[in-house]
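*Asks:* Have a look at this one before I ask anything.
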Amino acid sequence: MRMTAAEVASCTGGTVTGPDTVADGVWMDSRTISPGQAFVALVTENDGHGYVGDAFAKGAPFAIVERGRAVAGGTCVEVDDTAVALTEIGRMCAGRLRTTAAGRVVAVTGSAGKTSTKNMVHAVLLARYPSAHRAPGSFNNDYGVPMTLAGAPDGCEAIVLEYGMRWEGEIARLCTVARPDIAVVTIVGDAHSERVGGIEAVARIKSEIVSSLGPDGTAVLNADDPRVSAMASLAPGRVITYGTSADAEVHMAVAGTDDRGRVTARFAWGNAYVSTELEVPGEHMAMNAAAAVAVGVVAGVPFADAVDALHRAEHAPMRMEWSTAPDGTRVLDDSYNANSSSMEAALRTLASAPAAHRLAVLGAIAEVSDPEAVHQRIASLASTLGITLIPLETDMYGRPGVTLDDALASVEPRGRDTAVLVKGSRAARTERAVRGLLASPGD
């Protein structure tokens, strides 16, 4: 979204030093900034002020810096606090979107499935709104949401945001930056439950997105999750439900599963029925697809077009990705993150894969309020499904954890008859196991 240094100064209470210039969006990382993006010198683990010169060298037309820290060689907007300024830039951009994307600001939250659902919603909206924009990656916090808003093209007709949660009030705060017209809640699970005091607290915090809606807003809720469907009582406006439940307004049923775990899903809306095969494996992904279809219906995308558009959804990396190792071993990479709900879904997907041997290299699930019970439940499910569990650097699954090298050596036999799931919380860095399993001999 185009903005001048003077406009940024006006919305942030800042002061421009140097000639007024125009930027196309804002960015906080000088390593990945694109020419034309303004640079925000945030003070986090690293002080961004040390990289302003690098940003100018890469084509940043101006930088947002703290007062007294302007850098020679380019225009700066001096502000009291660069993080607060980034939030205000997000609010300014959200206000502009109201004129072009009226009724089509979508925000997705939930303990699992946010990014995949966001990508599917974006694909559905593109079927009618070619300038629809979405958050890149998992830009779902106080920095990512404003940068997503600022990155929307001028004249953007629809935008899909992702709202994460680590503390109470965080989602409510993000909603003050960009109040959604359509709010999606995927599922309430135990992710971050340790931080906030249990799963009921997670549900309460996730519901902040529903309470934030205006009377013209729509809550899109998972009818299969009682904690999510109960949020309907908090919605000031319309509620539309999705899921396999008989009373879901957008109904989804699994009609079949192929040898890669990809689902053929049948969607129903009113008296209309459309079936499609999804590109991403897992029945839980079909639920995310149902949420996207529901958003499409609310946003005016014809039902059949919404279902058809699911084929064009971008697949997020490290999320339910099948790959084949040089020796033929099939690897299901779901290493991006984990909570108990997504772990159970991934194990069930692995169990449906045609293989003589199924193994799961699992890292710990972080920030859950009852970690012992959660990990034991996962271990029990793996056993029930006939999956050999290999605990990577954790003994939480009721058996001694093993090193990365030992985990890789434990994947035996190797070959086309073996399928391996790799998954764990971000802190476990289980993507290391994926790289090791897919490496060629001698690498």
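Simple scheme: letters A, B, ... for chains in structure tokens order, numbers from 1 for residues in each chain, numbers from 1 for ligands in the order shown.
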Would you mind listing what lies within 9 Å of Gly424 in chain A as a PyMOL selection string, with only C-alpha atoms counted and same-chain residues fewer than 4 positions away left out?
*Replies:* chain A and resi 334-339+343+361-366+392+428-431
*Asks:* May I have the residues from that selection written out with C-alpha atoms, as a compact mmCIF listing (two decimals), in the first residue's frame?
*Replies:*
```txt
# COMPACT_ATOMS: atom_id res chain seq x y z
CA ASP A 334 4.43 -31.67 9.51
CA SER A 335 7.33 -30.22 11.43
CA TYR A 336 6.28 -26.57 11.55
CA ASN A 337 4.55 -26.80 14.93
CA ALA A 338 2.38 -29.02 17.09
CA ASN A 339 -0.35 -29.22 19.66
CA MET A 343 -0.55 -34.24 16.41
CA VAL A 361 9.65 -39.07 14.83
CA LEU A 362 8.02 -36.77 17.38
CA GLY A 363 9.42 -33.83 19.30
CA ALA A 364 7.86 -32.44 22.46
CA ILE A 365 4.61 -30.48 22.45
CA ALA A 366 5.39 -27.19 24.18
CA LEU A 392 13.27 -36.93 19.52
CA ALA A 428 11.89 -29.04 19.04
CA ARG A 429 13.20 -28.14 15.55
CA THR A 430 12.03 -31.44 14.12
CA GLU A 431 12.69 -30.18 10.60
```
*Asks:* Could you find all residues in range 227-311 of chain A that DSSP calls strand (DSSP E or B) from the backbone, and write them as a ChimeraX atom specification?
*Replies:* /A:238-243,250-257,262-269,272-281
*Asks:* Just to be explicit: take each residue in the selection above, keep N, CA, C and O atoms, and write the result as a short mmCIF file (atom, residue, chain, number, x, y, z; two decimals), in the first residue's frame.
*Replies:*
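See selection39.cif below for the written result:
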```cif
data_model
loop_
_atom_site.label_atom_id
_atom_site.label_comp_id
_atom_site.auth_asym_id
_atom_site.auth_seq_id
_atom_site.Cartn_x
_atom_site.Cartn_y
_atom_site.Cartn_z
N ARG A 238 -24.26 -11.91 12.48
CA ARG A 238 -24.57 -13.21 11.89
C ARG A 238 -23.55 -14.27 12.31
O ARG A 238 -22.39 -13.99 12.52
N VAL A 239 -24.01 -15.51 12.39
CA VAL A 239 -23.14 -16.67 12.63
C VAL A 239 -23.41 -17.69 11.53
O VAL A 239 -24.56 -17.97 11.19
N ILE A 240 -22.34 -18.24 10.96
CA ILE A 240 -22.46 -19.34 10.02
C ILE A 240 -21.53 -20.44 10.48
O ILE A 240 -20.39 -20.16 10.88
N THR A 241 -22.01 -21.67 10.49
CA THR A 241 -21.22 -22.78 11.00
C THR A 241 -20.80 -23.70 9.87
O THR A 241 -21.42 -23.76 8.82
N TYR A 242 -19.72 -24.45 10.13
CA TYR A 242 -19.22 -25.40 9.15
C TYR A 242 -18.76 -26.65 9.88
O TYR A 242 -18.45 -26.61 11.08
N GLY A 243 -18.70 -27.77 9.16
CA GLY A 243 -18.18 -28.99 9.77
C GLY A 243 -18.93 -30.23 9.32
O GLY A 243 -19.74 -30.20 8.39
N VAL A 250 -22.55 -25.03 6.40
CA VAL A 250 -21.70 -25.56 5.33
C VAL A 250 -21.24 -26.92 5.80
O VAL A 250 -20.40 -27.04 6.70
N HIS A 251 -21.83 -27.95 5.21
CA HIS A 251 -21.58 -29.31 5.68
C HIS A 251 -20.49 -29.96 4.84
O HIS A 251 -20.45 -29.80 3.62
N MET A 252 -19.59 -30.70 5.51
CA MET A 252 -18.52 -31.40 4.82
C MET A 252 -18.57 -32.87 5.20
O MET A 252 -18.72 -33.22 6.37
N ALA A 253 -18.43 -33.73 4.21
CA ALA A 253 -18.34 -35.17 4.45
C ALA A 253 -17.18 -35.73 3.64
O ALA A 253 -16.96 -35.31 2.49
N VAL A 254 -16.44 -36.65 4.22
CA VAL A 254 -15.33 -37.28 3.52
C VAL A 254 -15.87 -38.43 2.68
O VAL A 254 -16.48 -39.36 3.19
N ALA A 255 -15.64 -38.35 1.37
CA ALA A 255 -16.13 -39.37 0.46
C ALA A 255 -15.08 -40.43 0.14
O ALA A 255 -15.41 -41.50 -0.37
N GLY A 256 -13.82 -40.13 0.43
CA GLY A 256 -12.75 -41.08 0.14
C GLY A 256 -11.39 -40.48 0.44
O GLY A 256 -11.25 -39.26 0.60
N THR A 257 -10.38 -41.34 0.51
CA THR A 257 -9.01 -40.91 0.78
C THR A 257 -8.07 -41.69 -0.12
O THR A 257 -8.21 -42.91 -0.26
N ARG A 262 -4.84 -37.79 0.83
CA ARG A 262 -5.64 -36.67 0.34
C ARG A 262 -7.11 -37.06 0.30
O ARG A 262 -7.46 -38.15 -0.16
N VAL A 263 -7.93 -36.13 0.74
CA VAL A 263 -9.36 -36.40 0.94
C VAL A 263 -10.19 -35.94 -0.25
O VAL A 263 -9.95 -34.85 -0.79
N THR A 264 -11.13 -36.75 -0.66
CA THR A 264 -12.21 -36.28 -1.53
C THR A 264 -13.36 -35.88 -0.62
O THR A 264 -13.88 -36.71 0.13
N ALA A 265 -13.69 -34.60 -0.64
CA ALA A 265 -14.68 -34.06 0.28
C ALA A 265 -15.94 -33.63 -0.48
O ALA A 265 -15.85 -33.13 -1.61
N ARG A 266 -17.07 -33.83 0.15
CA ARG A 266 -18.36 -33.42 -0.41
C ARG A 266 -18.90 -32.28 0.45
O ARG A 266 -19.09 -32.43 1.66
N PHE A 267 -19.11 -31.15 -0.17
CA PHE A 267 -19.58 -29.96 0.54
C PHE A 267 -21.04 -29.71 0.19
O PHE A 267 -21.45 -29.88 -0.97
N ALA A 268 -21.78 -29.28 1.19
CA ALA A 268 -23.20 -28.97 0.98
C ALA A 268 -23.49 -27.58 1.54
O ALA A 268 -23.01 -27.22 2.62
N TRP A 269 -24.28 -26.83 0.78
CA TRP A 269 -24.74 -25.50 1.22
C TRP A 269 -26.17 -25.37 0.72
O TRP A 269 -26.42 -25.32 -0.48
N ALA A 272 -27.41 -27.27 -2.48
CA ALA A 272 -26.33 -27.47 -3.44
C ALA A 272 -25.27 -28.41 -2.86
O ALA A 272 -24.95 -28.34 -1.68
N TYR A 273 -24.74 -29.28 -3.72
CA TYR A 273 -23.72 -30.24 -3.32
C TYR A 273 -22.59 -30.23 -4.36
O TYR A 273 -22.86 -30.30 -5.56
N VAL A 274 -21.36 -30.13 -3.88
CA VAL A 274 -20.20 -30.16 -4.78
C VAL A 274 -19.11 -30.98 -4.11
O VAL A 274 -18.84 -30.83 -2.91
N SER A 275 -18.46 -31.85 -4.89
CA SER A 275 -17.35 -32.66 -4.38
C SER A 275 -16.05 -32.23 -5.04
O SER A 275 -16.05 -31.78 -6.19
N THR A 276 -14.96 -32.39 -4.31
CA THR A 276 -13.65 -32.08 -4.87
C THR A 276 -12.59 -32.86 -4.12
O THR A 276 -12.79 -33.24 -2.95
N GLU A 277 -11.46 -33.11 -4.78
CA GLU A 277 -10.32 -33.73 -4.11
C GLU A 277 -9.35 -32.64 -3.68
O GLU A 277 -8.95 -31.80 -4.50
N LEU A 278 -9.00 -32.64 -2.41
CA LEU A 278 -8.09 -31.63 -1.87
C LEU A 278 -6.65 -32.03 -2.12
O LEU A 278 -6.31 -33.21 -2.14
N GLU A 279 -5.80 -31.04 -2.30
CA GLU A 279 -4.40 -31.30 -2.60
C GLU A 279 -3.58 -31.63 -1.36
O GLU A 279 -2.54 -32.28 -1.44
N VAL A 280 -4.05 -31.19 -0.19
CA VAL A 280 -3.30 -31.37 1.05
C VAL A 280 -3.85 -32.57 1.80
O VAL A 280 -5.06 -32.72 1.95
N PRO A 281 -2.98 -33.49 2.28
CA PRO A 281 -3.48 -34.67 2.98
C PRO A 281 -4.05 -34.36 4.35
O PRO A 281 -3.67 -33.39 5.00
#
```
*Asks:* Rank A:Ile33, A:Val228, A:Cys76, A:Ala291 by their smallest atom-to-atom distance to Lys118 in chain A, using only C-alpha atoms, and report the top residue only.
*Replies:*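 Once distances to Lys118 in chain A are computed over only C-alpha atoms, the minimum belongs to A:Ala291.
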*Asks:* In terms of the shortest atom-to-atom distance over only C-alpha atoms, which of A:Ile171, A:His122, A:Arg128, A:Leu234 is closest to Arg312 in chain A?
*Replies:*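 Smallest distance to Arg312 in chain A is found for A:His122.
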*Asks:* Give the answer as one residue: which of A:Thr100, A:Thr186, A:Ser440, A:Thr21 has the shortest atom-to-atom distance to Ala292 in chain A, using only C-alpha atoms?
*Replies:*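 Checking each candidate against Ala292 in chain A, we get A:Thr186 as the closest.
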*Asks:* Let me make sure I understand: among A:Ala345, A:Gly328, A:Val26, A:Arg104, which one has the smallest atom-to-atom distance to Val295 in chain A if we use only C-alpha atoms?
*Replies:*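 Closest to Val295 in chain A of all the choices is A:Arg104.
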*Asks:* Of the candidates A:Ala112, A:Ala248, A:Ala304, A:Val374, which shows the shortest atom-to-atom distance to Ala223 in chain A, using only C-alpha atoms?
*Replies:*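 Among A:Ala112, A:Ala248, A:Ala304, A:Val374, it is A:Ala248 that comes nearest to Ala223 in chain A.
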*Asks:* Could you give me, as a tab-separated table (two decimals) with all heavy atoms, in the first residue's frame, the residues within 9 Å of Ala309 in chain A, counting only C-alpha atoms and dropping anything in the same chain fewer than 5 positions from it?
*Replies:*
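The result, written out as out-v1.tsv:
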```
chain	number	residue	atom	x	y	z
A	120	MET	N	-6.41	-21.19	2.19
A	120	MET	CA	-7.59	-21.65	1.47
A	120	MET	C	-8.62	-20.53	1.30
A	120	MET	O	-9.23	-20.38	0.24
A	120	MET	CB	-8.22	-22.85	2.19
A	120	MET	CG	-7.37	-24.11	2.13
A	120	MET	SD	-8.19	-25.48	3.00
A	120	MET	CE	-6.99	-26.80	2.76
A	123	ALA	N	-7.50	-18.32	-1.51
A	123	ALA	CA	-7.76	-18.92	-2.82
A	123	ALA	C	-9.23	-18.78	-3.20
A	123	ALA	O	-9.58	-18.49	-4.35
A	123	ALA	CB	-7.35	-20.39	-2.81
A	124	VAL	N	-10.11	-18.98	-2.23
A	124	VAL	CA	-11.55	-18.85	-2.49
A	124	VAL	C	-11.91	-17.42	-2.85
A	124	VAL	O	-12.66	-17.16	-3.80
A	124	VAL	CB	-12.35	-19.35	-1.27
A	124	VAL	CG1	-13.82	-18.94	-1.38
A	124	VAL	CG2	-12.23	-20.87	-1.13
A	125	LEU	N	-11.39	-16.45	-2.11
A	125	LEU	CA	-11.71	-15.05	-2.39
A	125	LEU	C	-11.18	-14.61	-3.75
A	125	LEU	O	-11.82	-13.79	-4.43
A	125	LEU	CB	-11.14	-14.16	-1.28
A	125	LEU	CG	-11.79	-14.31	0.10
A	125	LEU	CD1	-11.05	-13.48	1.13
A	125	LEU	CD2	-13.26	-13.93	0.06
A	126	LEU	N	-10.05	-15.15	-4.17
A	126	LEU	CA	-9.50	-14.80	-5.49
A	126	LEU	C	-10.45	-15.18	-6.61
A	126	LEU	O	-10.38	-14.60	-7.70
A	126	LEU	CB	-8.15	-15.48	-5.70
A	126	LEU	CG	-6.94	-14.89	-4.98
A	126	LEU	CD1	-5.72	-15.78	-5.17
A	126	LEU	CD2	-6.64	-13.48	-5.50
A	127	ALA	N	-11.34	-16.12	-6.36
A	127	ALA	CA	-12.28	-16.53	-7.40
A	127	ALA	C	-13.21	-15.39	-7.81
A	127	ALA	O	-13.75	-15.38	-8.92
A	127	ALA	CB	-13.11	-17.72	-6.91
A	304	ALA	N	-20.27	-23.06	-5.78
A	304	ALA	CA	-19.51	-23.99	-6.63
A	304	ALA	C	-18.13	-23.42	-6.95
A	304	ALA	O	-17.13	-24.16	-6.99
A	304	ALA	CB	-20.27	-24.31	-7.91
```
